[in-house]
>>> print(open('protein_23.txt').read())   # compact mmCIF, C-alpha atoms
# COMPACT_ATOMS: atom_id res chain seq x y z
CA MET N 32 13.41 7.35 4.46
CA LEU N 33 14.82 8.01 7.95
CA LYS N 34 15.89 11.51 6.95
CA LYS N 35 12.39 12.24 5.63
CA LEU N 36 10.82 10.98 8.86
CA LEU N 37 13.12 13.19 10.93
CA PHE N 38 12.04 16.22 8.91
CA LEU N 39 8.41 15.23 9.46
CA LEU N 40 9.11 14.94 13.18
CA CYS N 41 10.56 18.45 13.24
CA ILE N 42 7.49 19.79 11.49
CA SER N 43 5.06 17.95 13.78
CA LEU N 44 6.84 19.33 16.84
CA PHE N 45 6.96 22.81 15.32
CA PHE N 46 3.24 23.45 15.23
CA CYS N 47 0.96 24.09 18.19
CA ILE N 48 -1.67 25.95 16.20
CA ASN N 49 -5.07 26.06 17.79
CA ALA N 50 -8.36 27.74 16.93
CA GLN N 51 -10.56 26.20 19.59
CA SER N 52 -11.18 29.45 21.51
CA ASP N 53 -13.91 30.43 19.04
CA ALA N 54 -15.62 27.04 19.12
CA ALA N 55 -17.84 27.71 22.12
CA GLU N 56 -20.86 26.41 20.22
CA LEU N 57 -19.29 22.93 20.09
CA ASN N 58 -19.85 20.64 23.04
CA LEU N 59 -18.79 17.01 23.11
CA GLY N 60 -20.78 16.35 26.25
CA LYS N 61 -19.72 13.36 28.32
CA VAL N 62 -17.46 11.63 25.78
CA LYS N 63 -13.98 11.08 27.16
CA SER N 64 -12.09 13.13 24.57
CA GLY N 65 -12.22 14.49 21.05
CA ILE N 66 -10.42 16.62 18.49
CA LEU N 67 -10.93 18.28 15.10
CA VAL N 68 -7.88 18.93 12.91
CA ASP N 69 -7.10 19.94 9.36
CA ALA N 70 -5.57 16.97 7.57
CA ASP N 71 -3.09 18.99 5.50
CA THR N 72 -1.63 21.41 8.03
CA GLY N 73 -2.39 19.61 11.31
CA MET N 74 -4.04 22.76 12.64
CA VAL N 75 -6.26 22.01 15.64
CA LEU N 76 -9.69 23.58 15.17
CA TYR N 77 -11.27 22.17 18.32
CA GLU N 78 -10.27 19.82 21.13
CA GLN N 79 -11.51 18.41 24.41
CA ASN N 80 -9.16 16.45 26.69
CA SER N 81 -7.19 15.61 23.56
CA ASN N 82 -4.04 14.45 25.37
CA ASP N 83 -5.75 12.02 27.76
CA GLN N 84 -4.35 8.49 27.46
CA LEU N 85 -7.26 6.15 26.71
CA PRO N 86 -7.89 2.70 25.19
CA PRO N 87 -8.35 3.22 21.41
CA ALA N 88 -9.97 -0.12 20.58
CA SER N 89 -9.83 -0.83 16.83
CA MET N 90 -8.69 2.69 15.97
CA THR N 91 -5.33 1.04 16.69
CA LYS N 92 -5.55 -0.34 13.16
CA ILE N 93 -4.83 3.14 11.78
CA GLY N 94 -1.26 2.50 12.94
CA THR N 95 -1.33 -1.02 11.51
CA LEU N 96 -2.50 0.29 8.14
CA LEU N 97 0.10 3.06 8.19
CA LEU N 98 2.99 0.58 8.40
CA ILE N 99 1.42 -1.59 5.69
CA MET N 100 1.10 1.40 3.35
CA GLU N 101 4.67 2.46 4.05
CA GLU N 102 5.93 -1.05 3.25
CA ILE N 103 4.11 -0.82 -0.09
CA ASP N 104 5.41 2.69 -0.71
CA GLN N 105 9.00 1.55 -0.06
CA GLY N 106 8.70 -1.41 -2.42
CA ARG N 107 9.07 -4.11 0.21
CA LEU N 108 5.47 -5.21 -0.23
CA SER N 109 3.12 -5.32 -3.22
CA TRP N 110 -0.65 -5.45 -3.46
CA GLU N 111 -0.58 -8.89 -5.09
CA ASP N 112 1.78 -10.56 -2.60
CA GLU N 113 0.19 -13.61 -1.01
CA VAL N 114 -0.18 -13.69 2.77
CA VAL N 115 -0.45 -17.09 4.47
CA THR N 116 -2.61 -17.26 7.61
CA SER N 117 -0.93 -18.70 10.71
CA SER N 118 -2.73 -20.58 13.47
CA THR N 119 -2.29 -17.49 15.67
CA ALA N 120 -3.97 -15.19 13.14
CA ALA N 121 -6.74 -17.72 12.50
CA GLY N 122 -7.44 -17.93 16.23
CA MET N 123 -8.10 -14.22 16.75
CA GLY N 124 -11.43 -13.25 18.26
CA GLY N 125 -13.58 -10.16 17.86
CA SER N 126 -14.18 -8.68 14.41
CA GLN N 127 -12.84 -11.08 11.80
CA ILE N 128 -13.23 -12.56 8.33
CA TYR N 129 -12.78 -16.12 9.68
CA LEU N 130 -9.43 -16.87 8.10
CA LYS N 131 -8.40 -20.52 8.31
CA GLN N 132 -4.90 -21.69 9.12
CA GLY N 133 -2.96 -21.93 5.86
CA GLU N 134 -5.49 -19.83 3.93
CA LYS N 135 -3.91 -17.40 1.46
CA MET N 136 -5.09 -13.93 0.56
CA THR N 137 -3.38 -11.07 -1.25
CA VAL N 138 -2.20 -7.97 0.55
CA LYS N 139 -4.98 -6.05 -1.18
CA GLU N 140 -7.62 -8.44 0.16
CA MET N 141 -6.17 -8.26 3.67
CA VAL N 142 -6.13 -4.44 3.62
CA LYS N 143 -9.72 -4.49 2.37
CA ALA N 144 -10.68 -6.73 5.31
CA ILE N 145 -8.91 -4.50 7.85
CA SER N 146 -10.24 -1.23 6.43
CA ILE N 147 -13.85 -2.24 5.86
CA ALA N 148 -14.58 -4.99 8.38
CA SER N 149 -11.93 -4.16 11.03
CA ALA N 150 -10.69 -7.75 10.79
CA ASN N 151 -8.44 -8.76 13.69
CA ASP N 152 -7.31 -11.97 11.97
CA ALA N 153 -6.24 -10.07 8.83
CA SER N 154 -4.39 -7.49 10.97
CA VAL N 155 -2.34 -10.17 12.72
CA ALA N 156 -1.71 -12.04 9.46
CA MET N 157 -0.31 -8.85 7.89
CA ALA N 158 1.83 -8.09 10.95
CA GLU N 159 3.34 -11.57 10.83
CA HIS N 160 3.89 -11.36 7.07
CA ILE N 161 5.78 -8.07 7.37
CA SER N 162 7.75 -8.58 10.59
CA GLY N 163 7.65 -12.30 11.36
CA SER N 164 5.53 -11.87 14.46
CA GLU N 165 2.94 -9.52 15.88
CA GLU N 166 5.38 -8.57 18.66
CA SER N 167 8.08 -7.49 16.18
CA PHE N 168 5.55 -5.52 14.15
CA VAL N 169 4.27 -3.75 17.30
CA LYS N 170 7.84 -2.76 18.21
CA LYS N 171 8.29 -1.31 14.73
CA LEU N 172 4.97 0.51 15.05
CA ASN N 173 5.89 2.00 18.44
CA ASP N 174 9.26 3.11 17.06
CA ARG N 175 7.44 4.83 14.20
CA ILE N 176 5.09 6.53 16.66
CA GLY N 177 8.07 7.72 18.70
CA LEU N 178 9.71 9.12 15.58
CA MET N 179 6.57 11.19 15.00
CA GLY N 180 6.98 12.70 18.47
CA LEU N 181 3.69 11.29 19.77
CA LYS N 182 4.00 11.06 23.56
CA ASP N 183 0.61 9.66 24.54
CA THR N 184 0.49 6.46 22.53
CA GLN N 185 1.79 2.98 23.26
CA PHE N 186 0.52 -0.10 21.47
CA LYS N 187 0.71 -3.66 22.74
CA ASN N 188 -1.01 -5.29 19.76
CA VAL N 189 -2.14 -4.51 16.21
CA THR N 190 -5.87 -5.00 16.75
CA GLY N 191 -6.86 -2.82 19.70
CA LEU N 192 -8.14 -5.75 21.73
CA PRO N 193 -7.96 -4.87 25.46
CA GLU N 194 -4.47 -5.20 26.93
CA SER N 195 -2.77 -3.49 29.88
CA GLY N 196 -0.59 -0.58 28.76
CA HIS N 197 -2.28 -0.23 25.36
CA PHE N 198 -3.39 3.38 24.96
CA SER N 199 -3.50 6.45 22.74
CA SER N 200 -5.00 9.96 22.75
CA ALA N 201 -7.29 11.94 20.49
CA HIS N 202 -4.40 14.18 19.44
CA ASP N 203 -2.04 11.30 18.67
CA MET N 204 -4.72 9.37 16.82
CA SER N 205 -5.46 12.41 14.65
CA MET N 206 -1.75 12.67 13.79
CA LEU N 207 -1.58 8.96 12.90
CA ALA N 208 -4.65 9.46 10.71
CA LYS N 209 -3.05 12.52 9.10
CA GLU N 210 0.03 10.46 8.26
CA LEU N 211 -2.02 7.54 6.92
CA LEU N 212 -4.00 9.91 4.67
CA ARG N 213 -0.76 10.93 2.96
CA HIS N 214 -1.23 7.56 1.21
CA GLU N 215 -4.20 8.71 -0.85
CA GLU N 216 -5.20 5.23 -2.02
CA ILE N 217 -6.16 4.19 1.53
CA THR N 218 -9.52 5.98 1.20
CA GLU N 219 -10.38 3.66 -1.71
CA PHE N 220 -10.66 1.00 1.01
CA THR N 221 -11.88 2.99 4.02
CA GLY N 222 -14.45 4.81 1.87
CA THR N 223 -15.99 1.59 0.54
CA TYR N 224 -19.28 0.72 2.21
CA ASP N 225 -19.47 -2.94 1.20
CA ASP N 226 -17.52 -5.49 -0.82
CA TYR N 227 -16.83 -9.21 -1.02
CA LEU N 228 -13.99 -11.61 -0.34
CA ARG N 229 -13.67 -15.21 -1.60
CA GLN N 230 -16.01 -14.44 -4.52
CA ASP N 231 -15.04 -17.62 -6.39
CA THR N 232 -15.38 -20.04 -3.49
CA ASP N 233 -17.44 -18.95 -0.49
CA PRO N 234 -18.44 -15.27 -0.86
CA PHE N 235 -17.97 -13.29 2.35
CA TRP N 236 -19.80 -9.97 2.59
CA LEU N 237 -17.85 -7.07 4.07
CA VAL N 238 -19.88 -4.15 5.46
CA ASN N 239 -18.10 -1.04 6.68
CA THR N 240 -18.31 -0.48 10.43
CA ASN N 241 -18.14 3.28 9.78
CA LYS N 242 -21.67 4.30 8.80
CA MET N 243 -20.64 7.95 8.34
CA ILE N 244 -19.35 7.18 4.87
CA LYS N 245 -23.00 6.77 3.86
CA SER N 246 -24.57 9.44 6.03
CA TYR N 247 -22.09 12.35 5.87
CA PRO N 248 -21.29 14.11 2.55
CA GLY N 249 -17.61 13.75 1.66
CA ALA N 250 -16.81 11.17 4.36
CA ASP N 251 -14.45 8.41 3.20
CA GLY N 252 -12.94 6.93 6.35
CA LEU N 253 -11.31 6.22 8.59
CA LYS N 254 -11.70 3.74 11.49
CA THR N 255 -14.19 2.81 14.19
CA GLY N 256 -13.51 1.15 17.51
CA TYR N 257 -15.45 -0.50 20.30
CA THR N 258 -14.71 -2.49 23.44
CA SER N 259 -16.57 -2.47 26.74
CA GLU N 260 -13.62 -0.61 28.25
CA ALA N 261 -13.07 1.93 25.45
CA LYS N 262 -16.77 2.34 24.61
CA TYR N 263 -17.58 3.71 21.15
CA CYS N 264 -14.68 5.40 19.35
CA LEU N 265 -14.27 6.85 15.89
CA THR N 266 -11.60 8.50 13.78
CA ALA N 267 -13.49 10.04 10.87
CA THR N 268 -12.38 12.04 7.86
CA ALA N 269 -14.22 13.96 5.16
CA LYS N 270 -13.19 16.12 2.24
CA ARG N 271 -15.00 19.03 0.63
CA GLY N 272 -13.31 20.97 -2.11
CA GLU N 273 -9.66 21.46 -1.18
CA MET N 274 -10.15 20.91 2.55
CA ARG N 275 -9.94 17.57 4.34
CA LEU N 276 -10.73 17.37 8.06
CA ILE N 277 -10.13 14.66 10.67
CA THR N 278 -12.15 14.11 13.84
CA VAL N 279 -11.47 11.71 16.71
CA ILE N 280 -13.92 10.64 19.40
CA PHE N 281 -13.02 8.50 22.42
CA GLY N 282 -15.56 6.99 24.80
CA ALA N 283 -19.03 7.72 23.41
CA GLU N 284 -21.98 5.85 24.88
CA SER N 285 -23.29 4.66 21.50
CA SER N 286 -22.37 4.51 17.82
CA LYS N 287 -25.12 7.06 17.17
CA GLU N 288 -23.51 9.52 19.62
CA ARG N 289 -20.01 9.13 18.18
CA ASN N 290 -21.34 9.66 14.65
CA GLN N 291 -23.43 12.68 15.64
CA LEU N 292 -20.57 14.40 17.48
CA SER N 293 -18.14 13.67 14.65
CA ALA N 294 -20.61 15.21 12.19
CA GLU N 295 -21.02 18.29 14.41
CA MET N 296 -17.26 18.84 14.52
CA LEU N 297 -16.95 18.38 10.77
CA ASN N 298 -19.83 20.82 10.19
CA TYR N 299 -18.10 23.35 12.44
CA GLY N 300 -14.85 23.03 10.51
CA PHE N 301 -16.35 23.21 7.02
CA THR N 302 -18.67 26.09 8.01
CA ASN N 303 -16.12 28.32 9.72
CA PHE N 304 -12.80 27.67 7.98
CA VAL N 305 -11.39 27.69 4.47
CA SER N 306 -8.27 26.11 2.98
CA LYS N 307 -5.92 28.26 0.90
CA THR N 308 -3.26 26.69 -1.32
CA PHE N 309 -0.03 28.61 -1.92
CA ASN N 310 1.79 25.99 -4.00
CA GLN N 311 0.86 22.59 -5.36
CA LYS N 312 2.63 19.32 -4.66
CA GLY N 313 5.54 18.86 -7.07
CA GLU N 314 6.03 22.58 -7.72
CA VAL N 315 9.71 23.64 -7.82
CA LEU N 316 10.46 26.45 -5.36
CA ALA N 317 14.27 26.55 -5.30
CA GLU N 318 17.54 24.86 -6.24
CA ALA N 319 19.73 22.96 -3.80
CA ALA N 320 23.51 22.82 -4.12
CA ILE N 321 24.95 19.29 -3.78
CA ASN N 322 28.53 19.00 -2.56
CA LYS N 323 30.63 16.94 -5.01
CA GLY N 324 27.52 16.07 -6.98
CA THR N 325 26.71 15.62 -10.67
CA PRO N 326 24.80 17.75 -11.38
CA GLU N 327 25.96 20.35 -8.87
CA LYS N 328 22.40 21.50 -8.20
CA VAL N 329 18.99 19.84 -8.07
CA GLU N 330 15.51 21.31 -8.22
CA ALA N 331 13.77 21.39 -4.83
CA ALA N 332 10.10 20.49 -5.25
CA LEU N 333 7.26 20.38 -2.74
CA SER N 334 6.53 16.88 -1.44
CA ASN N 335 3.10 18.07 -0.29
CA SER N 336 0.87 20.98 -1.24
CA LEU N 337 1.56 24.10 0.82
CA LYS N 338 -1.67 25.23 2.46
CA VAL N 339 -3.02 27.31 5.30
CA ILE N 340 -6.33 27.17 7.12
CA GLU N 341 -8.00 30.42 8.05
CA LYS N 342 -11.39 31.60 9.23
CA LYS N 343 -13.75 32.50 6.41
CA ASN N 344 -13.53 36.16 5.34
CA GLU N 345 -10.34 36.64 7.37
CA ASN N 346 -8.20 37.55 4.33
CA ALA N 347 -4.96 37.51 6.30
CA VAL N 348 -1.59 38.57 4.83
CA TYR N 349 1.08 35.85 4.59
CA LYS N 350 4.76 35.66 3.75
CA ARG N 351 6.71 32.64 2.53
CA LYS N 352 10.28 31.64 3.41
CA VAL N 353 12.31 28.86 1.74
CA VAL N 354 15.14 27.15 3.65
CA ILE N 355 17.55 24.77 1.88
CA GLU N 356 19.59 22.39 4.01
CA LYS N 357 23.30 23.20 4.05
CA ASN N 358 26.11 20.76 3.16
CA LEU N 359 24.00 18.32 1.14
CA GLN N 360 26.27 15.50 0.01
CA ALA N 361 26.27 13.36 -3.13
CA PRO N 362 25.01 10.83 -3.94
CA LEU N 363 21.43 12.01 -3.42
CA GLU N 364 18.36 10.06 -4.50
CA LYS N 365 15.24 11.52 -6.07
CA GLY N 366 12.73 12.26 -3.32
CA GLU N 367 15.24 12.93 -0.54
CA ILE N 368 14.44 15.93 1.62
CA VAL N 369 16.63 18.96 0.88
CA GLY N 370 14.80 21.71 2.79
CA TYR N 371 11.43 23.17 3.69
CA VAL N 372 9.24 26.19 3.10
CA SER N 373 7.34 28.07 5.82
CA VAL N 374 4.29 30.30 5.57
CA PHE N 375 4.23 33.14 8.12
CA LYS N 376 1.26 35.08 9.42
CA GLY N 377 2.91 38.09 11.01
CA ASP N 378 5.94 36.67 12.82
CA LYS N 379 4.37 33.24 13.43
CA ALA N 380 4.93 30.28 11.12
CA ILE N 381 1.59 28.59 10.57
CA SER N 382 2.29 26.08 7.81
CA LYS N 383 5.26 24.15 6.44
CA GLY N 384 6.00 22.05 3.40
CA LEU N 385 8.90 19.69 2.74
CA LEU N 386 11.15 20.22 -0.27
CA GLU N 387 12.53 17.11 -1.94
CA SER N 388 15.06 16.47 -4.67
CA LYS N 389 13.40 16.21 -8.06
CA ASN N 390 16.30 14.20 -9.52
CA ASP N 391 19.05 11.77 -8.57
CA THR N 392 22.52 13.23 -8.05
CA LYS N 393 25.57 11.04 -8.54
CA LYS N 394 28.93 11.55 -6.90
CA ALA N 395 31.24 13.49 -9.23
CA ASN N 396 34.41 11.69 -10.34
CA TRP N 397 37.94 13.02 -9.82
CA SER N 398 38.13 14.53 -13.31
CA GLU N 399 34.89 16.52 -12.86
CA LEU N 400 35.98 17.79 -9.44
CA PHE N 401 39.36 18.87 -10.87
CA LYS N 402 37.69 20.82 -13.71
CA ARG N 403 35.38 22.60 -11.24
CA SER N 404 38.26 23.51 -8.99
CA TRP N 405 40.25 24.85 -11.97
CA LYS N 406 37.34 26.94 -13.23
CA LYS N 407 36.72 28.44 -9.80
CA SER N 408 40.39 29.33 -9.46
CA PHE N 409 40.55 30.78 -12.97
CA PHE N 410 37.47 32.99 -12.64
CA ALA N 411 38.44 34.02 -9.12
CA ASN N 412 41.64 35.49 -10.58
>>> encode(input="protein_23.txt", output="structure tokens")
Amino acid sequence: MLKKLLFLLCISLFFCINAQSDAAELNLGKVKSGILVDADTGMVLYEQNSNDQLPPASMTKIGTLLLIMEEIDQGRLSWEDEVVTSSTAAGMGGSQIYLKQGEKMTVKEMVKAISIASANDASVAMAEHISGSEESFVKKLNDRIGLMGLKDTQFKNVTGLPESGHFSSAHDMSMLAKELLRHEEITEFTGTYDDYLRQDTDPFWLVNTNKMIKSYPGADGLKTGYTSEAKYCLTATAKRGEMRLITVIFGAESSKERNQLSAEMLNYGFTNFVSKTFNQKGEVLAEAAINKGTPEKVEAALSNSLKVIEKKNENAVYKRKVVIEKNLQAPLEKGEIVGYVSVFKGDKAISKGLLESKNDTKKANWSELFKRSWKKSFFAN
């Protein structure tokens, strides 16, 4: 997992692609900052003060949800695990589902509460369940943020409640959202407008704080935020066809303004740009040699679809280059990163995809290594 994250860090640092110069018709007015990015490539289509460090309010929970989804992905957590509410979690203020001390809910129910109702009590309960305490979970979250190369984010809690030194930026929040959206099932929660908890005992109605999922075609997330300090914030995402976009707004004066500006940025992106797919996720692009491995080579498959974003009717010419990591050592597990592929426009790389091992590779025994050495010597002579 660490190796994969390091590759992702290299890719995130590699790209500084920006198309905002032709977005003169967009104007975010007096909001503190905003950004529009493509969710697949990370290409910035528009930005305003996107690196300013600002209080993110409940958009913080994008980071909280990211760690939860990664725990599930790595098999350390399952959707049906029971989470017991502590007195600390039960005592949280702000948005909540009114958990009681000792009350049990499944991970799935807690994620539903966080995603739809922005529940602070469920966020803290999940943090404690995963890491033992909110403080330990926040340290893990900040380490993850650092590994992504995000310089303008530091979290002090998992809820976004006001606290000195708790901040993020529009750019960093868009990158956290991009990473969360790699877990495709998250939009099943964030794209749900209403649902219920405690159906069999005391039904509790959840209504999504993000009204764009009803008002904007293709919108299915991601997270709102509000405090008197942060004002109205929103990280929104929508998908049309093959293209998914992410917008972030910090510091709007009203929920209506943040929704309107998010919609304007999404309209600009969908109207002026198109997504082109070179290769689909899972497609094999090369073979990787494994030192002292059985087999000696593994297929290198794309861990994500390889795409580019271009202006409509641009019809640019692209070239593709595959790079396989040298000196890969056995044993190697299925899914480990073995290289990457770049798409070039002229001499500039504008998109990258990770290549992962399609199979496990065991370490060859002494007998196999001896046979290989003998064959190489024989055919060399």
>>> atom_distance(input="protein_23.txt", atom1="CA of Asn58 in chain N", atom2="CA of Thr258 in chain N")
23.7 Å
>>> closest_residue(input="protein_23.txt", among="N:Met90, N:Asn173, N:Thr137, N:Leu67", to="Lys262 in chain N", atoms="all atoms listed in the file")
N:Met90
>>> residues_near_point(input="protein_23.txt", point="(-13.1, 32.7, 6.6)", cutoff="12 Å", atoms="all atoms listed in the file", output="list in words")
Gly300, Phe301, Thr302, Asn303, Phe304, Val305, Ser306, Lys307, Val339, Ile340, Glu341, Lys342, Lys343, Asn344, Glu345, Asn346 and Ala347 of chain N
>>> atom_distance(input="protein_23.txt", atom1="CA of Phe309 in chain N", atom2="CA of Asn335 in chain N")
11.1 Å
>>> residues_around(input="protein_23.txt", residues="Lys270 in chain N", least_positions_apart="5", cutoff="8 Å", atoms="only C-alpha atoms", output="NGL selection string")
:N and (249-251 or 275-276)
>>> residues_around(input="protein_23.txt", residues="Phe375 in chain N", least_positions_apart="4", cutoff="9 Å", atoms="only C-alpha atoms", output="number ranges by chain")
N: 348-352, 379-382
>>> closest_residue(input="protein_23.txt", among="N:Ala361, N:Ile277, N:Ala158, N:Leu292", to="Leu172 in chain N", atoms="all atoms listed in the file")
N:Ala158
>>> atom_distance(input="protein_23.txt", atom1="CA of Asp183 in chain N", atom2="CA of Thr240 in chain N")
25.7 Å
